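The next block is coords11.tsv, given as TSV, C-alpha atoms.
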```
chain	number	residue	atom	x	y	z
A	161	ARG	CA	-20.08	-13.34	-135.27
A	162	ASP	CA	-19.93	-9.55	-135.39
A	163	ARG	CA	-20.79	-9.59	-139.10
A	164	SER	CA	-23.80	-11.86	-138.49
A	165	VAL	CA	-25.15	-9.42	-135.92
A	166	SER	CA	-24.50	-6.35	-138.07
A	167	ARG	CA	-26.15	-8.03	-141.07
A	168	GLY	CA	-29.19	-8.71	-138.93
A	169	LEU	CA	-29.32	-5.08	-137.85
A	170	GLY	CA	-28.65	-4.00	-141.42
A	171	ASP	CA	-32.21	-4.92	-142.35
A	172	VAL	CA	-33.59	-2.63	-139.65
A	173	TYR	CA	-33.68	0.42	-141.95
A	174	LYS	CA	-36.87	-0.93	-143.56
A	175	ARG	CA	-38.60	-1.24	-140.21
A	176	GLN	CA	-37.24	2.01	-138.85
A	177	GLY	CA	-38.78	3.66	-141.88
A	178	MET	CA	-42.07	2.13	-140.80
A	179	ALA	CA	-41.62	3.52	-137.30
A	180	ALA	CA	-40.65	7.00	-138.52
A	181	LEU	CA	-43.49	7.15	-141.07
A	182	ALA	CA	-46.09	5.34	-138.97
A	183	GLN	CA	-48.54	8.24	-138.95
A	184	PRO	CA	-48.60	8.87	-142.73
A	185	ILE	CA	-48.71	5.12	-143.45
A	186	ALA	CA	-51.71	4.68	-141.16
A	187	ARG	CA	-53.40	7.76	-142.64
A	188	LEU	CA	-52.83	6.48	-146.18
A	189	PHE	CA	-54.57	3.17	-145.48
A	190	TYR	CA	-57.17	4.19	-142.91
A	191	GLY	CA	-57.86	7.83	-143.71
A	192	GLU	CA	-58.54	10.29	-140.92
A	193	GLY	CA	-60.64	7.95	-138.80
A	194	GLN	CA	-60.57	7.69	-135.03
A	195	SER	CA	-58.54	4.50	-135.20
A	196	THR	CA	-55.71	6.05	-137.26
A	197	PRO	CA	-53.66	7.42	-134.29
A	198	ILE	CA	-53.95	4.05	-132.51
A	199	VAL	CA	-52.75	2.18	-135.61
A	200	ALA	CA	-49.90	4.65	-136.04
A	201	ARG	CA	-48.69	4.22	-132.46
A	202	SER	CA	-48.85	0.43	-132.83
A	203	LEU	CA	-46.83	0.59	-136.06
A	204	ALA	CA	-44.22	2.78	-134.38
A	205	LEU	CA	-43.89	0.33	-131.49
A	206	LEU	CA	-43.51	-2.59	-133.89
A	207	GLY	CA	-40.82	-0.68	-135.76
A	208	ILE	CA	-38.90	-0.21	-132.53
A	209	ALA	CA	-39.41	-3.89	-131.66
A	210	SER	CA	-37.71	-4.79	-134.94
A	211	LEU	CA	-34.40	-3.57	-133.47
A	212	ALA	CA	-34.52	-6.47	-131.04
A	213	SER	CA	-36.14	-9.00	-133.40
A	214	SER	CA	-33.41	-8.47	-136.00
A	215	LEU	CA	-30.86	-9.71	-133.45
A	216	CYS	CA	-32.74	-12.87	-132.49
A	217	GLY	CA	-31.99	-14.70	-135.76
A	218	PRO	CA	-28.18	-14.25	-135.62
A	219	PHE	CA	-28.09	-14.99	-131.89
A	220	SER	CA	-30.16	-18.14	-132.42
A	221	SER	CA	-27.84	-19.35	-135.19
A	222	MET	CA	-24.77	-18.73	-133.02
A	223	LEU	CA	-26.28	-20.65	-130.10
A	224	GLN	CA	-26.99	-23.59	-132.40
A	225	ALA	CA	-23.44	-23.42	-133.74
A	226	VAL	CA	-22.00	-23.85	-130.24
A	227	GLY	CA	-24.28	-26.79	-129.48
A	228	LYS	CA	-26.86	-24.93	-127.38
A	229	ALA	CA	-29.92	-25.33	-129.61
A	230	GLY	CA	-31.97	-26.44	-126.61
A	231	TRP	CA	-31.49	-23.05	-125.01
A	232	ASN	CA	-33.14	-21.43	-128.02
A	233	VAL	CA	-36.27	-23.51	-127.54
A	234	ARG	CA	-36.54	-22.70	-123.85
A	235	LEU	CA	-35.95	-19.00	-124.39
A	236	LEU	CA	-38.49	-18.88	-127.22
A	237	VAL	CA	-41.13	-20.55	-125.04
A	238	ALA	CA	-40.42	-18.02	-122.26
A	239	ALA	CA	-40.68	-15.12	-124.74
A	240	MET	CA	-44.00	-16.47	-126.05
A	241	ALA	CA	-45.32	-16.75	-122.50
A	242	LEU	CA	-44.28	-13.14	-121.85
A	243	LYS	CA	-45.99	-12.03	-125.05
A	244	LEU	CA	-49.24	-13.81	-124.16
A	245	ALA	CA	-49.21	-12.45	-120.60
A	246	ALA	CA	-48.55	-8.90	-121.81
A	247	ASN	CA	-51.37	-9.17	-124.35
A	248	TRP	CA	-53.74	-10.54	-121.72
A	249	PHE	CA	-53.15	-7.78	-119.19
A	250	LEU	CA	-52.39	-4.75	-121.38
A	251	CYS	CA	-55.15	-5.20	-123.94
A	252	ALA	CA	-57.65	-5.34	-121.09
A	253	ILE	CA	-56.74	-1.77	-120.09
A	254	PRO	CA	-59.11	0.58	-121.99
A	255	GLU	CA	-56.49	3.30	-122.35
A	256	VAL	CA	-54.03	0.84	-123.91
A	257	ASN	CA	-56.35	-1.52	-125.78
A	258	ILE	CA	-54.93	-2.96	-129.02
A	259	GLN	CA	-51.64	-1.16	-128.47
A	260	GLY	CA	-51.03	-3.73	-125.75
A	261	ALA	CA	-50.31	-6.30	-128.47
A	262	ALA	CA	-47.55	-4.13	-129.90
A	263	LEU	CA	-46.14	-3.49	-126.42
A	264	GLY	CA	-46.20	-7.24	-125.75
A	265	THR	CA	-44.28	-7.87	-128.97
A	266	LEU	CA	-41.70	-5.25	-128.00
A	267	ALA	CA	-41.27	-6.72	-124.51
A	268	SER	CA	-40.96	-10.30	-125.77
A	269	TYR	CA	-38.32	-9.47	-128.39
A	270	LEU	CA	-36.31	-7.37	-125.94
A	271	PHE	CA	-36.34	-10.25	-123.48
A	272	LEU	CA	-35.46	-12.85	-126.13
A	273	ALA	CA	-32.56	-10.87	-127.63
A	274	SER	CA	-31.04	-9.96	-124.26
A	275	ALA	CA	-31.46	-13.52	-122.91
A	276	GLN	CA	-29.89	-15.03	-126.05
A	277	LEU	CA	-26.94	-12.64	-125.80
A	278	GLY	CA	-26.46	-13.51	-122.14
A	279	CYS	CA	-26.56	-17.26	-122.90
A	280	LEU	CA	-24.14	-16.81	-125.79
A	281	ARG	CA	-21.62	-14.99	-123.61
A	282	ARG	CA	-22.03	-17.64	-120.90
A	283	ALA	CA	-21.47	-20.49	-123.39
A	284	THR	CA	-18.52	-18.99	-125.27
A	285	GLY	CA	-17.09	-16.17	-123.19
A	286	VAL	CA	-17.00	-14.08	-126.37
A	287	ARG	CA	-17.75	-10.37	-126.21
A	288	LEU	CA	-19.19	-8.75	-129.34
A	289	SER	CA	-17.87	-5.46	-130.67
A	290	TRP	CA	-20.46	-2.84	-129.78
A	291	LEU	CA	-19.21	-0.40	-132.39
A	292	GLY	CA	-19.13	-2.75	-135.36
A	293	SER	CA	-22.05	-4.98	-134.36
A	294	PHE	CA	-24.55	-2.54	-132.87
A	295	LEU	CA	-23.75	1.17	-132.92
A	296	ARG	CA	-22.74	1.59	-136.56
A	297	PRO	CA	-25.77	-0.12	-138.19
A	298	LEU	CA	-28.07	1.40	-135.55
A	299	ALA	CA	-26.77	4.91	-136.30
A	300	CYS	CA	-27.36	4.32	-140.03
A	301	ALA	CA	-30.89	3.08	-139.38
A	302	LEU	CA	-31.71	6.08	-137.18
A	303	LEU	CA	-30.39	8.47	-139.84
A	304	CYS	CA	-32.58	6.68	-142.37
A	305	GLY	CA	-35.67	7.09	-140.20
A	306	MET	CA	-35.03	10.76	-139.44
A	307	GLY	CA	-34.24	11.52	-143.07
A	308	ALA	CA	-37.41	9.81	-144.29
A	309	ARG	CA	-39.50	11.70	-141.74
A	310	LEU	CA	-37.97	15.07	-142.69
A	311	ALA	CA	-38.36	14.32	-146.40
A	312	TYR	CA	-42.04	13.51	-145.94
A	313	GLY	CA	-42.59	16.68	-143.94
A	314	ALA	CA	-40.91	18.75	-146.63
A	315	LEU	CA	-42.71	17.12	-149.59
A	316	GLY	CA	-46.17	16.88	-148.04
A	317	PRO	CA	-47.14	20.56	-148.41
A	318	LEU	CA	-45.78	20.68	-151.98
A	319	LEU	CA	-47.96	17.86	-153.34
A	320	PRO	CA	-51.75	17.75	-153.82
A	321	SER	CA	-53.73	16.76	-150.76
A	322	GLY	CA	-55.43	13.39	-150.72
A	323	ARG	CA	-54.30	9.80	-150.96
A	324	TRP	CA	-52.42	10.21	-154.24
A	325	GLY	CA	-50.38	13.12	-152.93
A	326	ASP	CA	-49.75	11.41	-149.60
A	327	GLY	CA	-48.76	8.19	-151.36
A	328	ALA	CA	-46.31	10.01	-153.65
A	329	ALA	CA	-44.75	11.86	-150.71
A	330	LEU	CA	-44.49	8.60	-148.79
A	331	LEU	CA	-42.76	6.75	-151.64
A	332	ALA	CA	-40.34	9.63	-152.16
A	333	ALA	CA	-39.57	9.73	-148.43
A	334	VAL	CA	-38.91	5.98	-148.37
A	335	ALA	CA	-36.56	6.28	-151.37
A	336	PHE	CA	-34.74	9.20	-149.75
A	337	GLY	CA	-34.37	7.29	-146.47
A	338	ALA	CA	-32.98	4.23	-148.30
A	339	GLY	CA	-30.46	6.40	-150.15
A	340	LEU	CA	-29.44	8.10	-146.92
A	341	TYR	CA	-29.00	4.72	-145.25
A	342	LEU	CA	-26.71	3.50	-148.03
A	343	ALA	CA	-24.69	6.73	-147.94
A	344	ALA	CA	-24.32	6.48	-144.16
A	345	LEU	CA	-23.15	2.87	-144.44
A	346	LEU	CA	-20.46	3.91	-146.91
A	347	LEU	CA	-19.33	6.94	-144.92
A	348	LEU	CA	-19.21	5.02	-141.64
A	349	ARG	CA	-17.54	2.05	-143.35
A	350	GLY	CA	-20.37	-0.26	-142.44
A	351	ILE	CA	-19.82	-2.42	-145.54
A	352	ARG	CA	-16.95	-4.84	-145.94
A	353	LYS	CA	-15.60	-6.32	-149.14
A	354	SER	CA	-16.76	-9.79	-148.11
A	355	ASP	CA	-20.35	-8.51	-147.84
A	356	LEU	CA	-20.41	-7.80	-151.57
A	357	GLN	CA	-19.01	-11.12	-152.80
A	358	SER	CA	-22.39	-12.82	-153.17
A	359	LEU	CA	-23.96	-9.94	-155.12
A	360	PRO	CA	-24.15	-9.92	-158.92
A	361	LYS	CA	-20.98	-8.18	-160.14
A	362	GLY	CA	-19.98	-7.95	-156.50
A	363	GLN	CA	-16.27	-8.06	-157.28
A	364	LYS	CA	-16.55	-5.08	-159.61
A	365	ILE	CA	-18.63	-3.11	-157.12
A	366	ALA	CA	-16.17	-3.93	-154.34
A	367	LYS	CA	-13.20	-2.78	-156.40
A	368	THR	CA	-14.91	0.51	-157.26
A	369	LEU	CA	-15.81	1.22	-153.64
A	370	GLU	CA	-12.36	0.18	-152.49
A	371	LYS	CA	-10.73	2.67	-154.86
A	372	GLN	CA	-12.90	5.41	-153.39
A	373	GLY	CA	-11.87	4.39	-149.88
A	374	TRP	CA	-15.43	3.53	-148.81
A	375	ILE	CA	-14.77	-0.07	-147.79
```

Starting from the coordinates I provided, produce the structure as structure tokens.
Amino acid sequence: RDRSVSRGLGDVYKRQGMAALAQPIARLFYGEGQSTPIVARSLALLGIASLASSLCGPFSSMLQAVGKAGWNVRLLVAAMALKLAANWFLCAIPEVNIQGAALGTLASYLFLASAQLGCLRRATGVRLSWLGSFLRPLACALLCGMGARLAYGALGPLLPSGRWGDGAALLAAVAFGAGLYLAALLLLRGIRKSDLQSLPKGQKIAKTLEKQGWI
């Protein structure tokens, strides 16, 4: 169970990169228009929402495994209703506008993940390990986002201005963030030997990392 949750959170680094680099991503695609800051804020909110959405899949699978698949349906309907209500009210506020859709997505995923966790604990009485399941992959994802943001800020002034320069800085920042995420996983022992079994040459990789004391 803990590994299912941590694997779900393990994919968050991609979305946290989107949240950390929301402004340059929006500027790359939309230029310096008036809508760019609004798009950037929406992207950042969706990146944060991914923290909750990445947990919904593992929680849903665990509820089905304990014979509570019906709870998933009811909770999903409630989350959809919350999303629609949030869109309806927030998007009608001029100061919020289209950002209301991103806020509605964030609210619905937070509700769904927390409700699924509560139902899972009620059905099984099992308590998940906060360190292994949540804090370790979350810390790695946050390091990835901060590293990508700092890398972009450092490379931006060194490259030519314009879309080509911005695109190159963005790609380099994403690569740096991914490398930092992997390094953080190894240093914090966020990878287990069993996680590598399904990879090509996973046994060889696992043995090498085990010799170095990283798993």

Discussion item. Report, in Å with one decimal, the straight-line distance from CA of Leu242 (chain A) to CA of Ile258 (chain A).
Written reply: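 Here the two named atoms are 16.4 Å from each other.
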
Fill in: Who sits within 10 Å of Phe189 (chain A), only C-alpha atoms, same chain under 5 positions skipped, as a PyMOL selection string
chain A and resi 184+196+323+327

Worksheet item: Could you state the separation of CA of Val256 (chain A) and CA of Ala273 (chain A) in Å, given to one decimal place?
Response: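 For CA of Val256 (chain A) relative to CA of Ala273 (chain A), the distance reads 24.7 Å.
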
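For the pair CA of Pro360 (chain A) and CA of Leu346 (chain A), the interatomic distance is 18.7 Å.
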
Discussion item. Show me the residues around (-41.6, 6.8, -147.5) - criterion: an atom at most 9 Å away, all atoms listed in the file counted - as number ranges by chain.
Written reply: A: 177-178, 181, 184-185, 308-309, 311-312, 327-337

Give the centre and edge lengths of an axis-aligned box, in Å to one decimal, that holds all listed atoms of region 204-221 of chain A with 8 Å on each side, as lines of an AutoDock Vina configuration file.
```
center_x = -36.0
center_y = -8.3
center_z = -133.5
size_x = 32.4
size_y = 38.1
size_z = 21.0
```

Worksheet item: With all atoms listed in the file as the basis for distance, which of A:Leu302, A:Ile208, A:Leu235, A:Leu318 is at the shortest distance from Ser274 (chain A)?
Response: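 Closest residue, counting all atoms listed in the file: A:Leu235.
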
Fill in: Nearest to Ser210 (chain A), chosen from A:Met306, A:Ala238, A:Leu295, A:Ala262, with only C-alpha atoms counted in the distances
A:Ala262

Fill in: Residue nearest Leu342 (chain A) - candidates A:Gly260, A:Pro297, A:Gly278, A:Gly207, atoms counted: all atoms listed in the file
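Among the listed residues, A:Pro297 lies closest to Leu342 (chain A).
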
Discussion item. Please determine, counting only C-alpha atoms, which residue among A:Leu298, A:Ala179, A:Ala186, A:Cys279 has the shortest atom-to-atom distance to Ser214 (chain A).
Written reply: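 Residue with the minimum atom-to-atom distance to Ser214 (chain A): A:Leu298.
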